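S.K.: Okay, here's the structure, questions in a sec.
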Amino acid sequence: MNVLKPHLRMSVETLLARGVGLREIARRLDIDRGTVRRIAATLEAKTPGVATDGQAVADSKSRPLATDFGDGVAANAPTPATGCEGAGAEQTGPGWPPTSRASMSACEPHREWIEDQVRLGRNAMSIYRELVDRHSFGNHYNSVKRFVGGLKQADPERFDVLEFPPGEEAQVDYGQGAPTLAPNGKYKKPYLFVMTLKYSGKSFRKVTWKTSQGIWAQLHEEAFRSFGGCVSYVVLDNLKEGVIKPDLYEPGLNPVYAAFLAHYNVIADPCRVRDPNRKGTVENAIQHTQGELKGRRFESIDDQNGHLQHWEDRWASTRIHGRKKRQVMEMFLEEKPHLKPLPVDAFRLFTQGFRTVDDAGLVQVDGAYYSALPANPHSRVMVRVFDADIEIFSLMGALLRRHGKAARKGAFVMARGDRLFNPSRETTRILNKIDEIGPETAALAQAIFARDGRAAHRTIYGLSNLARTYPCADIEAVCKEALADGTASYSAIRQGLERRAARASTPPLSLRQSDPQIRPITDYQAFWDAHTLNKDEDSSNDHVIH
């Protein structure tokens, strides 16, 4: 049995003599209020007919204090301890305040106004401040605090009963499962996922070791598949897997969770912060499940999930609902036709992040490089990584590229049109360009590349650019001659095209019968006639001589 130390007992009696209340004495001395009450009762029994608190306080101001040391002698009594006669013989002991009194709070005159403020949801401090400002309240804040606390205990919070049509709402939350043997050899409590249909109370339960954005969405999908349909709304609290930015007006959903809900055409309805009563149905379902798991241990996570499934089918869904007074499975069969149909394809899980496009127009994902064109270098893009492929989006949500996942780290995944010039990859592009000129030119280019290899890039690149200056027909003719002669070089082709161009630029000759620079035909006839006459004369002279 604990005995109060003498100096504390003496202090209690002194404060009681001064008229200090029991609560204040217990607070000052840091002792139990019941101990103070017992001491006061003992003193009252010793001194019957004690005065009220107010009288005790008044008397304490006009008489010296007395302290009982256990032998009944007052240490500060005005009468000498020798018991001499005189005034001391008529002195009586000090009056002690009663302990069981109906004390009235200083806030009692303002009870009606304070009750109205409490119903409005105001706290004790704001009520105290207004009492001081408007009603000239002269007591301390603790008096208001105690009075308001008593009102709240007498007027408990009221809760509404939420009812929804079949198939409209489901509530979801995490709890803790039963201890299960973990991979490290220790027993741990896994996460307990519960989704409950609001109308029927039918629940889906599953435990998992880890939680993440993908696992949260996957558990939702398994729940919808088990119910055979979707609801219109899912009510959840503000855990990070579902809500990344709690907000009263525009909560920010996790992107994976938002994409999942859009795939199933379901709308999320997060609770207000610190308002778990909005999803009281699933809270009760978690407590119901934990009551079933209490005292159990499982050797694996599959064992616990198997037990939960058996319990749901055999007992939980066949029970009579405590408030609705109907069987849960009966109400679920009534609700099931109202669930929305499931989509044909399951939701593809992904992880989302942001990347910066490098100088080559690439982004790095898990050690591999993927083309992000037409995004500009040094710009930010959003990347979604699926099981077999990745998708690259602009920050505005427009899809830029979709690639299959690279087989190894360090690989480059680019379309042919995304590549800039590179000698090791340029041959195919140039030969495809030469094919547009004609078959003879293409055959010549193939012959040059077969002969010179990658060093022939310059020659065949020059052949492809000849189409900018010369007609394709001329190029084809010259290349055909070069193939026949074996002169497969860029310079020979260029010279042949220049000669053909020169011949094509020389105008054709035109014969004319008359011109200022041409003599008339008669002049030529006279010349020939004169020449013939002179020749005949020379011949006759020669005959005479012989």
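The chains in the structure tokens are called A, B, ... from first to last as shown; in each chain the residues are counted from 1, and the ligands are counted from 1 in the order shown.
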What's the 12 Å shell around A:Thr180, counting only C-alpha atoms, without same-chain residues fewer than 5 positions away, as a ChimeraX atom specification?
M.R.: /A:185-192,207-209,293,295-305
S.K.: With a distance cut-off of 9 Å and only C-alpha atoms, select the neighbouring residues of stretch 126-131 of chain A, excluding the residue or stretch itself and same-chain residues fewer than 5 positions from it, and output the selection as a PDB file with N, CA and C atoms, in the first residue's frame.
M.R.:
ATOM      1  N   HIS A 110     -22.908  30.750 -18.541  1.00  0.00           N
ATOM      2  CA  HIS A 110     -22.825  30.852 -20.006  1.00  0.00           C
ATOM      3  C   HIS A 110     -23.075  29.505 -20.684  1.00  0.00           C
ATOM      4  N   ILE A 114     -22.253  28.432 -24.627  1.00  0.00           N
ATOM      5  CA  ILE A 114     -21.128  27.512 -24.859  1.00  0.00           C
ATOM      6  C   ILE A 114     -21.606  26.250 -25.563  1.00  0.00           C
ATOM      7  N   GLN A 117     -21.815  26.891 -29.223  1.00  0.00           N
ATOM      8  CA  GLN A 117     -20.497  26.956 -29.868  1.00  0.00           C
ATOM      9  C   GLN A 117     -19.888  25.564 -30.042  1.00  0.00           C
ATOM     10  N   VAL A 118     -20.115  24.694 -29.060  1.00  0.00           N
ATOM     11  CA  VAL A 118     -19.601  23.329 -29.176  1.00  0.00           C
ATOM     12  C   VAL A 118     -20.283  22.596 -30.318  1.00  0.00           C
ATOM     13  N   SER A 136     -16.697  39.279 -20.615  1.00  0.00           N
ATOM     14  CA  SER A 136     -15.849  39.683 -19.481  1.00  0.00           C
ATOM     15  C   SER A 136     -15.606  38.526 -18.524  1.00  0.00           C
ATOM     16  N   PHE A 137     -15.265  37.375 -19.097  1.00  0.00           N
ATOM     17  CA  PHE A 137     -15.014  36.178 -18.302  1.00  0.00           C
ATOM     18  C   PHE A 137     -13.717  36.368 -17.530  1.00  0.00           C
ATOM     19  N   GLY A 138     -13.744  36.123 -16.209  1.00  0.00           N
ATOM     20  CA  GLY A 138     -12.595  36.409 -15.373  1.00  0.00           C
ATOM     21  C   GLY A 138     -11.826  35.204 -14.906  1.00  0.00           C
ATOM     22  N   HIS A 140      -9.888  31.219 -15.475  1.00  0.00           N
ATOM     23  CA  HIS A 140      -8.804  30.736 -16.312  1.00  0.00           C
ATOM     24  C   HIS A 140      -9.327  29.847 -17.436  1.00  0.00           C
ATOM     25  N   TYR A 141      -8.433  29.568 -18.383  1.00  0.00           N
ATOM     26  CA  TYR A 141      -8.780  28.733 -19.544  1.00  0.00           C
ATOM     27  C   TYR A 141      -9.125  27.305 -19.131  1.00  0.00           C
ATOM     28  N   VAL A 144     -12.778  26.628 -18.621  1.00  0.00           N
ATOM     29  CA  VAL A 144     -13.526  26.457 -19.874  1.00  0.00           C
ATOM     30  C   VAL A 144     -13.204  25.105 -20.500  1.00  0.00           C
ATOM     31  N   LYS A 145     -11.954  24.704 -20.425  1.00  0.00           N
ATOM     32  CA  LYS A 145     -11.550  23.429 -21.019  1.00  0.00           C
ATOM     33  C   LYS A 145     -12.286  22.264 -20.368  1.00  0.00           C
ATOM     34  N   VAL A 148     -16.090  22.417 -21.374  1.00  0.00           N
ATOM     35  CA  VAL A 148     -16.319  21.972 -22.746  1.00  0.00           C
ATOM     36  C   VAL A 148     -16.112  20.469 -22.858  1.00  0.00           C
TER      37      VAL A 148
END
S.K.: Would you please give, as a count of residues only, all residues of stretch 329-493 of chain A that DSSP assigns to strand (DSSP E or B) based on the backbone?
M.R.: 34
S.K.: Write down as a ChimeraX atom specification the residues of stretch 218-294 of chain A whose backbone DSSP state falls under helix (DSSP H, G or I).
M.R.: /A:218-227,255-264,276-293
S.K.: Could you check how far atom CA of A:Glu391 sits from atom CA of A:His378, in Å to one decimal?
M.R.: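 Separation of atom CA of A:Glu391 and atom CA of A:His378: 18.3 Å.
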S.K.: Within 7 Å of stretch 349-352 of chain A, counting only C-alpha atoms, which residues show up once you throw out same-chain ones fewer than 5 positions away? Write them as an mmCIF file with N, CA, C and O atoms, in the first residue's frame, please.
M.R.:
data_model
loop_
_atom_site.group_PDB
_atom_site.id
_atom_site.type_symbol
_atom_site.label_atom_id
_atom_site.label_comp_id
_atom_site.auth_asym_id
_atom_site.auth_seq_id
_atom_site.Cartn_x
_atom_site.Cartn_y
_atom_site.Cartn_z
ATOM 1 N N GLY A 214 1.631 -0.801 -58.718
ATOM 2 C CA GLY A 214 1.188 -1.913 -59.550
ATOM 3 C C GLY A 214 0.408 -2.949 -58.763
ATOM 4 O O GLY A 214 -0.615 -3.468 -59.239
ATOM 5 N N VAL A 256 -0.771 5.383 -62.303
ATOM 6 C CA VAL A 256 -1.085 3.976 -62.603
ATOM 7 C C VAL A 256 -2.513 3.662 -62.183
ATOM 8 O O VAL A 256 -3.275 3.022 -62.923
ATOM 9 N N VAL A 383 7.585 8.602 -69.643
ATOM 10 C CA VAL A 383 7.830 7.249 -70.137
ATOM 11 C C VAL A 383 7.011 6.265 -69.311
ATOM 12 O O VAL A 383 7.030 6.329 -68.073
ATOM 13 N N ARG A 384 6.300 5.384 -69.997
ATOM 14 C CA ARG A 384 5.587 4.292 -69.344
ATOM 15 C C ARG A 384 6.221 2.978 -69.768
ATOM 16 O O ARG A 384 6.327 2.703 -70.972
ATOM 17 N N VAL A 385 6.630 2.178 -68.802
ATOM 18 C CA VAL A 385 7.333 0.932 -69.064
ATOM 19 C C VAL A 385 6.372 -0.228 -68.774
ATOM 20 O O VAL A 385 5.936 -0.411 -67.635
ATOM 21 N N PHE A 386 6.044 -0.989 -69.808
ATOM 22 C CA PHE A 386 5.188 -2.163 -69.684
ATOM 23 C C PHE A 386 6.068 -3.416 -69.640
ATOM 24 O O PHE A 386 7.288 -3.336 -69.627
#
S.K.: Would you please work out which residue, of A:Phe332, A:Leu342, A:Met104, A:Met414, is nearest to A:Ala368 when using only C-alpha atoms?
M.R.: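 Under the stated criterion, the closest residue is A:Met414.
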S.K.: Mind checking which residues fall within 12 Å of A:Gly252, counting only C-alpha atoms, ignoring those fewer than 3 positions away in the same chain, and posting them as a list in words?
M.R.: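 After dropping sequence-adjacent residues, the list is Asn238, Leu239, Lys240, Glu241, Gly242, Val243, Ile244, Lys245, Pro246, Asp247, Leu248, Tyr249, Pro255, Val256, Tyr257, Ala258, Ala268, Asp269 and Pro270 of chain A.
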S.K.: Any chance you could export the current selection's C-alpha atoms as a JSON list (two decimals), in the first residue's frame?
M.R.:
[["chain", "number", "residue", "atom", "x", "y", "z"],
["A", 238, "ASN", "CA", -5.42, 8.93, -49.06],
["A", 239, "LEU", "CA", -2.73, 6.24, -49.14],
["A", 240, "LYS", "CA", 0.11, 6.86, -51.61],
["A", 241, "GLU", "CA", -0.74, 3.91, -53.86],
["A", 242, "GLY", "CA", -4.02, 5.62, -54.74],
["A", 243, "VAL", "CA", -3.69, 9.35, -54.01],
["A", 244, "ILE", "CA", -0.41, 11.22, -54.38],
["A", 245, "LYS", "CA", -1.84, 14.67, -53.59],
["A", 246, "PRO", "CA", -4.65, 14.79, -51.01],
["A", 247, "ASP", "CA", -6.92, 17.72, -51.71],
["A", 248, "LEU", "CA", -10.48, 18.51, -50.68],
["A", 249, "TYR", "CA", -11.50, 19.72, -54.12],
["A", 255, "PRO", "CA", -1.09, 7.80, -62.58],
["A", 256, "VAL", "CA", -1.09, 3.98, -62.60],
["A", 257, "TYR", "CA", -4.24, 3.87, -60.50],
["A", 258, "ALA", "CA", -5.90, 6.56, -62.65],
["A", 268, "ALA", "CA", -12.29, 7.11, -57.52],
["A", 269, "ASP", "CA", -13.84, 8.97, -54.57],
["A", 270, "PRO", "CA", -11.10, 9.59, -51.97]]
S.K.: Report, in Å with one decimal, the straight-line distance from atom CA of A:Ala502 to atom CA of A:Ala443.
M.R.: 25.9 Å
S.K.: Find the residues around stretch 333-335 of chain A up to 9 Å (only C-alpha atoms counted), leave out those fewer than 2 positions away in its own chain, and share them as a list in words.
M.R.: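 That gives Pro165, Pro166, Gly167, Tyr199, Ser200, Val328, Met329, Glu330, Met331, Pro337, His338 and Leu339 of chain A.
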S.K.: Between A:Phe227, A:Tyr264, A:Phe347, A:Phe412, which has the minimum distance to A:Gln364 (counting only C-alpha atoms)?
M.R.: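 Nearest candidate to A:Gln364 out of A:Phe227, A:Tyr264, A:Phe347, A:Phe412: A:Phe412.
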S.K.: Could you name the residues that touch A:Ile434 at 12 Å or less, counting only C-alpha atoms, but leaving out those on the same chain fewer than 3 positions away, as a ChimeraX atom specification?
M.R.: /A:427-431,437-446,459-468,472,475-476
S.K.: Given the choices A:His457, A:Arg314, A:Arg419, A:Arg355, which gets closest to A:Leu395 if the distance is worked out from only C-alpha atoms?
M.R.: A:Arg355
S.K.: From the set A:Arg9, A:Val234, A:Ala217, A:Arg18, which residue has the shortest atom-to-atom contact distance to A:Arg38, counting only C-alpha atoms?
M.R.: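 Closest to A:Arg38, using only C-alpha atoms: A:Arg9.
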S.K.: Report, in Å to a single decimal, how far apart atom CA of A:Ser232 and atom CA of A:Glu168 are.
M.R.: 5.0 Å
S.K.: Nearest to A:Arg225: which of A:Lys340, A:Lys198, A:Lys325, A:His135 is it, counting only C-alpha atoms?
M.R.: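 Ranked by minimum distance to A:Arg225, first place goes to A:Lys340.
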